[in-house]
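Visitor: Here you go, this is final.cif (mmCIF, C-alpha atoms).
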data_model
loop_
_atom_site.label_atom_id
_atom_site.label_comp_id
_atom_site.auth_asym_id
_atom_site.auth_seq_id
_atom_site.Cartn_x
_atom_site.Cartn_y
_atom_site.Cartn_z
CA MET A 1 270.68 0.19 200.21
CA TYR A 2 269.28 3.18 202.07
CA SER A 3 266.21 4.47 203.86
CA PRO A 4 265.57 8.06 204.96
CA LEU A 5 264.47 6.58 208.31
CA TRP A 6 267.97 5.24 209.02
CA GLY A 7 269.58 7.03 211.91
CA THR A 8 266.27 8.39 213.18
CA GLU A 9 264.61 7.72 216.52
CA ILE A 10 262.17 5.29 214.94
CA GLU A 11 265.02 3.11 213.66
CA GLN A 12 266.49 2.92 217.16
CA GLN A 13 263.11 1.85 218.51
CA LEU A 14 262.68 -0.88 215.89
CA LYS A 15 265.20 -3.25 217.45
CA LYS A 16 264.22 -6.91 217.28
CA HIS A 17 262.39 -8.47 220.21
CA GLY A 18 261.29 -11.99 221.03
CA MET A 19 257.78 -13.03 220.05
CA GLN A 20 255.91 -16.28 219.65
CA MET A 21 253.76 -16.51 216.54
CA ASN A 22 250.08 -17.36 217.02
CA SER A 23 249.79 -19.07 213.64
CA SER A 24 248.21 -22.45 214.32
CA LEU A 25 246.24 -24.05 211.51
CA PHE A 26 242.98 -23.82 213.44
CA THR A 27 241.84 -20.52 214.89
CA PRO A 28 243.29 -20.15 218.43
CA PRO A 29 241.20 -19.03 221.42
CA HIS A 30 242.66 -15.50 221.31
CA PRO A 31 243.53 -14.79 217.67
CA SER A 32 245.11 -11.67 216.23
CA LYS A 33 242.63 -8.92 215.41
CA TYR A 34 243.68 -9.38 211.77
CA ARG A 35 242.90 -13.10 211.61
CA ASP A 36 239.75 -14.34 209.88
CA SER A 37 238.11 -17.52 211.08
CA ILE A 38 235.65 -19.66 209.11
CA LYS A 39 233.45 -16.60 208.67
CA ARG A 40 234.36 -13.04 207.86
CA SER A 41 234.11 -10.54 210.67
CA LYS A 42 233.44 -6.81 210.45
CA ASP A 43 235.91 -6.25 213.29
CA VAL A 44 238.63 -8.04 211.29
CA ASP A 45 237.72 -6.10 208.14
CA ASP A 46 237.89 -2.83 210.08
CA ALA A 47 241.31 -3.74 211.49
CA TRP A 48 242.62 -4.48 207.98
CA ASP A 49 241.10 -1.28 206.60
CA ALA A 50 243.01 0.74 209.19
CA LEU A 51 246.22 -1.25 208.64
CA GLU A 52 246.48 -1.07 204.86
CA TRP A 53 246.25 2.69 204.33
CA VAL A 54 249.30 3.80 202.35
CA ARG A 55 250.17 7.35 203.43
CA THR A 56 252.86 9.71 202.14
CA PHE A 57 255.48 11.93 203.79
CA PRO A 58 258.24 14.24 202.49
CA ILE A 59 261.87 13.27 201.89
CA THR A 60 264.73 15.29 200.39
CA GLU A 61 266.57 15.24 197.07
CA ALA A 62 269.58 13.74 198.88
CA ASP A 63 267.30 10.93 200.09
CA ILE A 64 266.04 10.34 196.54
CA ILE A 65 269.61 10.02 195.24
CA SER A 66 270.63 7.74 198.14
CA ILE A 67 267.68 5.46 197.38
CA GLY A 68 269.01 5.18 193.83
CA LYS A 69 266.24 7.14 192.14
CA ASP A 70 266.31 10.14 189.79
CA PRO A 71 265.24 13.50 191.28
CA ARG A 72 264.29 14.65 187.77
CA THR A 73 261.43 12.15 187.61
CA ALA A 74 260.56 11.81 191.31
CA VAL A 75 257.37 13.65 192.28
CA LYS A 76 257.59 16.68 194.58
CA PHE A 77 254.89 17.94 196.91
CA PRO A 78 253.31 21.13 195.54
CA ALA A 79 254.17 24.44 197.18
CA GLU A 80 250.75 24.71 198.85
CA TYR A 81 251.61 21.71 201.04
CA GLY A 82 254.10 23.94 202.87
CA PHE A 83 257.13 21.63 202.75
CA GLY A 84 259.33 23.92 200.64
CA ASP A 85 261.06 23.15 197.36
CA ASN A 86 263.05 20.15 198.59
CA ALA A 87 260.19 17.81 199.49
CA TYR A 88 259.62 14.64 197.48
CA VAL A 89 256.67 12.25 197.90
CA ALA A 90 257.50 8.99 199.72
CA GLN A 91 255.65 6.15 201.44
CA LEU A 92 256.65 3.17 203.57
CA ASP A 93 256.79 -0.02 201.52
CA ILE A 94 255.50 -2.17 204.39
CA PHE A 95 252.05 -0.60 204.08
CA HIS A 96 251.94 -1.28 200.34
CA GLN A 97 252.78 -4.93 201.09
CA LEU A 98 249.98 -5.06 203.67
CA HIS A 99 247.60 -3.57 201.10
CA CYS A 100 248.58 -6.35 198.69
CA LEU A 101 248.01 -9.02 201.32
CA ASN A 102 244.59 -7.57 202.13
CA THR A 103 243.71 -7.54 198.43
CA LEU A 104 244.44 -11.27 198.21
CA ARG A 105 242.61 -11.87 201.48
CA LEU A 106 239.47 -10.18 200.13
CA ILE A 107 239.71 -12.07 196.84
CA ALA A 108 239.97 -15.34 198.78
CA TRP A 109 236.70 -14.43 200.52
CA GLY A 110 235.10 -13.47 197.20
CA GLN A 111 234.52 -9.95 198.43
CA PHE A 112 236.92 -7.89 196.34
CA GLU A 113 235.23 -4.84 194.84
CA PRO A 114 237.53 -2.10 193.56
CA ALA A 115 236.15 1.28 194.54
CA GLN A 116 237.47 3.04 191.44
CA GLU A 117 235.15 3.01 188.46
CA ALA A 118 238.19 2.75 186.17
CA ALA A 119 238.77 -0.78 187.40
CA LYS A 120 235.49 -1.79 185.65
CA ARG A 121 234.69 -4.10 188.56
CA PRO A 122 236.01 -7.61 188.87
CA TYR A 123 236.94 -9.57 187.08
CA SER A 124 238.41 -7.35 184.39
CA ASP A 125 241.93 -7.65 183.01
CA LEU A 126 242.97 -4.82 185.33
CA HIS A 127 241.64 -6.79 188.30
CA TRP A 128 243.85 -9.76 187.42
CA HIS A 129 246.85 -7.48 186.86
CA HIS A 130 246.24 -6.29 190.44
CA VAL A 131 246.10 -9.86 191.73
CA ALA A 132 249.32 -10.77 189.91
CA HIS A 133 251.02 -7.59 191.15
CA CYS A 134 250.06 -8.22 194.77
CA THR A 135 251.14 -11.85 194.64
CA GLU A 136 254.52 -10.93 193.16
CA VAL A 137 255.10 -8.08 195.64
CA LEU A 138 254.62 -10.48 198.54
CA ARG A 139 256.72 -13.25 196.96
CA GLU A 140 259.58 -10.83 196.26
CA ASN A 141 259.51 -9.46 199.80
CA LEU A 142 259.30 -12.89 201.43
CA MET A 143 262.32 -14.03 199.45
CA CYS A 144 264.17 -10.73 199.98
CA ASN A 145 263.70 -11.09 203.75
CA ALA A 146 264.16 -14.86 203.88
CA ASN A 147 265.22 -16.00 207.34
CA LEU A 148 266.65 -19.12 208.95
CA ASP A 149 263.69 -19.88 211.23
CA VAL A 150 262.67 -23.52 211.41
CA VAL A 151 259.30 -25.21 211.92
CA THR A 152 259.23 -28.20 214.27
CA PHE A 153 256.62 -30.97 214.48
CA ASN A 154 254.44 -32.54 217.17
CA TRP A 155 252.54 -35.76 217.57
CA LYS A 156 249.08 -34.26 217.49
CA GLU A 157 246.12 -36.16 218.82
CA THR A 158 244.00 -37.64 216.01
CA GLN A 159 247.02 -37.52 213.64
CA GLU A 160 249.16 -40.50 212.65
CA VAL A 161 251.90 -38.46 210.98
CA PRO A 162 253.97 -35.53 212.33
CA PHE A 163 251.97 -32.30 212.50
CA PRO A 164 253.72 -28.92 212.00
CA ASP A 165 253.92 -26.48 214.91
CA PHE A 166 253.47 -23.08 213.29
CA ASN A 167 253.72 -21.15 216.57
CA LEU A 168 257.36 -20.20 216.02
CA ASN A 169 259.46 -18.22 218.45
CA LYS A 170 260.91 -15.33 216.45
CA ARG A 171 262.90 -12.14 216.70
CA CYS A 172 260.47 -9.54 215.36
CA THR A 173 260.36 -5.86 214.55
CA ASP A 174 257.53 -4.06 216.32
CA ALA A 175 255.49 -3.02 213.29
CA GLU A 176 253.02 -1.26 215.58
CA LEU A 177 255.76 1.36 216.07
CA LEU A 178 255.72 2.05 212.33
CA ILE A 179 251.95 2.36 212.38
CA ARG A 180 252.24 4.97 215.14
CA TRP A 181 255.13 6.69 213.28
CA GLN A 182 253.04 6.93 210.13
CA GLU A 183 250.12 8.37 212.10
CA ALA A 184 252.43 11.02 213.55
CA ASN A 185 254.49 11.87 210.46
CA ALA A 186 252.54 11.09 207.28
CA LEU A 187 249.95 13.25 205.60
CA PRO A 188 246.25 12.59 206.17
CA VAL A 189 244.83 10.07 203.72
CA GLU A 190 242.77 12.65 201.84
CA ALA A 191 245.87 14.79 201.14
CA SER A 192 248.45 12.06 200.71
CA ARG A 193 248.60 12.12 196.90
CA ASN A 194 245.64 14.33 196.11
CA PHE A 195 247.34 16.69 193.68
CA SER A 196 247.73 16.82 189.91
CA ARG A 197 250.67 16.90 187.53
CA PRO A 198 252.26 20.36 187.12
CA GLU A 199 253.32 21.66 183.72
CA GLY A 200 256.71 20.74 182.30
CA VAL A 201 257.56 17.73 184.46
CA ARG A 202 259.72 14.90 183.10
CA GLU A 203 257.66 11.75 182.46
CA VAL A 204 258.56 8.07 182.62
CA PRO A 205 257.02 5.61 180.11
CA MET A 206 253.73 3.84 180.79
CA GLU A 207 253.59 0.11 180.05
CA ASP A 208 252.01 -0.88 176.73
CA GLU A 209 249.37 -2.96 178.55
CA TYR A 210 247.79 0.21 179.96
CA TYR A 211 247.05 1.45 176.44
CA ARG A 212 245.55 -1.92 175.49
CA LEU A 213 243.33 -2.05 178.58
CA TYR A 214 241.83 1.36 177.93
CA GLY A 215 241.78 1.21 174.12
CA LEU A 216 244.17 4.13 173.75
CA ASP A 217 246.47 4.86 170.81
CA LYS A 218 249.93 5.17 172.35
CA ALA A 219 251.56 6.71 169.27
CA ASN A 220 248.93 9.43 168.94
CA ILE A 221 249.09 10.31 172.63
CA GLN A 222 252.89 10.51 172.60
CA HIS A 223 252.82 12.58 169.40
CA GLY A 224 250.32 14.98 170.94
CA GLN A 225 252.41 15.36 174.09
CA ALA A 226 255.56 15.98 172.06
CA HIS A 227 253.71 18.63 170.01
CA ALA A 228 252.45 20.31 173.19
CA HIS A 229 255.96 20.47 174.64
CA SER A 230 257.57 21.82 171.44
#
In structure tokens, what does this structure look like?
Guide:
Amino acid sequence: MYSPLWGTEIEQQLKKHGMQMNSSLFTPPHPSKYRDSIKRSKDVDDAWDALEWVRTFPITEADIISIGKDPRTAVKFPAEYGFGDNAYVAQLDIFHQLHCLNTLRLIAWGQFEPAQEAAKRPYSDLHWHHVAHCTEVLRENLMCNANLDVVTFNWKETQEVPFPDFNLNKRCTDAELLIRWQEANALPVEASRNFSRPEGVREVPMEDEYYRLYGLDKANIQHGQAHAHS
């Protein structure tokens, strides 16, 4: 496995440090700015909005190959971005995971409203594909990064059975460093992926479900593309 950030200053700064979780069942006196209580808060929503932005930055062809991807199908930044001819579009996966978590958080509050008109508003089939995607992304990453931390129990007043103590002491990466790194190194949100397909690029297949959702004839579209490229 490989990351283009390996060997950089940010990797050296991301060493694990001790931290106690503030994850009690009931909202603590001084909760995280990302934690909802029994009512939604605009301050919490604003914190999540800032956290979940997925931004892009350039990596090289050698990085693409080291990641195990194909440079022939990986997207490059266009020349007008000023990165040269060896600049491929990349993003940090952690921010995609946070986006997925926020999607599920908003759905749990009954407030999910996709901004894109193509989503046809909840609760379309595309909406539920998004829910399933986000759930699976988080499950895969939790299991991929499974740790050996243990939860202990207390005798909690009012309770006659052992009550879990979710305020674990952990060795954590300082994710705030990655937020600051992204702010310093990634493109602004409005330019992150705001460019269109150039002529002659190599495509990868779209899933059949996309064609069903939008009532498109896959065979006719593929035939037309093949004719255009001939």
Visitor: Written as a PDB file with C-alpha atoms, in the frame of the given file, what is the full residue list that the PyMOL selection byres ((chain A and resi 68-73) around 8) yields on the file shown?
Guide:
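Output below, filename selection14.pdb:
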ATOM      1  CA  GLU A  61     266.570  15.240 197.070  1.00  0.00           C
ATOM      2  CA  ILE A  64     266.040  10.340 196.540  1.00  0.00           C
ATOM      3  CA  ILE A  65     269.610  10.020 195.240  1.00  0.00           C
ATOM      4  CA  SER A  66     270.630   7.740 198.140  1.00  0.00           C
ATOM      5  CA  ILE A  67     267.680   5.460 197.380  1.00  0.00           C
ATOM      6  CA  ALA A  74     260.560  11.810 191.310  1.00  0.00           C
ATOM      7  CA  VAL A  75     257.370  13.650 192.280  1.00  0.00           C
ATOM      8  CA  VAL A 201     257.560  17.730 184.460  1.00  0.00           C
ATOM      9  CA  ARG A 202     259.720  14.900 183.100  1.00  0.00           C
ATOM     10  CA  GLU A 203     257.660  11.750 182.460  1.00  0.00           C
ATOM     11  CA  VAL A 204     258.560   8.070 182.620  1.00  0.00           C
TER      12      VAL A 204
END
Visitor: To one decimal in Å, tell me the separation between CA of Thr27 in chain A and CA of Val44 in chain A.
Guide: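 So the two atoms, CA of Thr27 in chain A and CA of Val44 in chain A, lie 13.4 Å apart.
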Visitor: Can you spell out as a short mmCIF file (atom, residue, chain, number, x, y, z; two decimals) with C-alpha atoms, keeping the file's coordinate frame the set of residues that the PyMOL selection byres ((chain A and resi 92-105) around 7) selects in the structure I just provided?
Guide:
data_model
loop_
_atom_site.label_atom_id
_atom_site.label_comp_id
_atom_site.auth_asym_id
_atom_site.auth_seq_id
_atom_site.Cartn_x
_atom_site.Cartn_y
_atom_site.Cartn_z
CA TRP A 48 242.62 -4.48 207.98
CA GLU A 52 246.48 -1.07 204.86
CA TRP A 53 246.25 2.69 204.33
CA VAL A 54 249.30 3.80 202.35
CA GLN A 91 255.65 6.15 201.44
CA LEU A 106 239.47 -10.18 200.13
CA ILE A 107 239.71 -12.07 196.84
CA ALA A 108 239.97 -15.34 198.78
CA TRP A 109 236.70 -14.43 200.52
CA VAL A 131 246.10 -9.86 191.73
CA CYS A 134 250.06 -8.22 194.77
CA VAL A 137 255.10 -8.08 195.64
CA LEU A 138 254.62 -10.48 198.54
#
Visitor: Under the PyMOL selection byres ((chain A and resi 197) around 10), which residues of this model are included? Write them out as a list in words.
Guide: Val75, Lys76, Pro78, Phe195, Ser196, Pro198, Glu199, Gly200 and Val201 of chain A
Visitor: One decimal, Å: what's the distance from CA of Pro205 in chain A over to CA of Asp125 in chain A, could you say?
Guide: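 Taking CA of Pro205 in chain A and CA of Asp125 in chain A, their separation equals 20.3 Å.
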Visitor: Box in all listed atoms of range 155-170 of chain A, axis-aligned, with 3 Å more on each side; write out centre and edge lengths in Å to one decimal as lines of an AutoDock Vina configuration file.
Guide:
center_x = 252.5
center_y = -27.9
center_z = 214.9
size_x = 22.9
size_y = 31.2
size_z = 13.8
Visitor: Could you pull the residues within 9 Å of Leu25 in chain A, counting all atoms listed in the file, minus those fewer than 6 positions along the same chain, as a list in words?
Guide: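 In the requested format, the answer is Pro164, Asp165 and Phe166 of chain A.
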Visitor: Could you please determine the separation between CA of Leu51 in chain A and CA of Asp149 in chain A in Å, to one decimal place?
Guide: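 About the pair CA of Leu51 in chain A and CA of Asp149 in chain A: they are 25.7 Å apart.
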Visitor: Which one of A:Glu140, A:Asp63, A:Ala132, A:Lys156 sits closest to Tyr2 in chain A if you count all atoms listed in the file?
Guide: A:Asp63
Visitor: So which one's closest to Phe26 in chain A, A:Ala219, A:Ile38, A:Leu142, A:Ile59? Using all atoms listed in the file, please.
Guide: A:Ile38
Visitor: What's the 8 Å shell around range 176-184 of chain A, counting all atoms listed in the file, without same-chain residues fewer than 5 positions away, as a VMD selection string?
Guide: chain A and resid 10 13 to 14 51 55
Visitor: Take the residues from that selection and write them out as a PDB file, keeping the file's coordinate frame, keeping C-alpha atoms.
Guide:
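Writing the result to result.pdb gives the following:
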ATOM      1  CA  ILE A  10     262.170   5.290 214.940  1.00  0.00           C
ATOM      2  CA  GLN A  13     263.110   1.850 218.510  1.00  0.00           C
ATOM      3  CA  LEU A  14     262.680  -0.880 215.890  1.00  0.00           C
ATOM      4  CA  LEU A  51     246.220  -1.250 208.640  1.00  0.00           C
ATOM      5  CA  ARG A  55     250.170   7.350 203.430  1.00  0.00           C
TER       6      ARG A  55
END
Visitor: Which protein, DNA or RNA residues are at most 10 Å from (254.7, -12.4, 220.4) in the file's coordinates when you count only C-alpha atoms, listed as a VMD selection string?
Guide: chain A and resid 17 to 22 167 to 172 174
Visitor: I need the residue nearest Ser3 in chain A from this list: A:Leu213, A:Ser192, A:Thr60, A:Met143. Use all atoms listed in the file for the distance.
Guide: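 The closest residue to Ser3 in chain A is A:Thr60.
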Visitor: Go through A:Thr152, A:Tyr81, A:Ser32, A:Ser41 and flag the residue nearest Pro188 in chain A, using all atoms listed in the file for the distances.
Guide: A:Tyr81
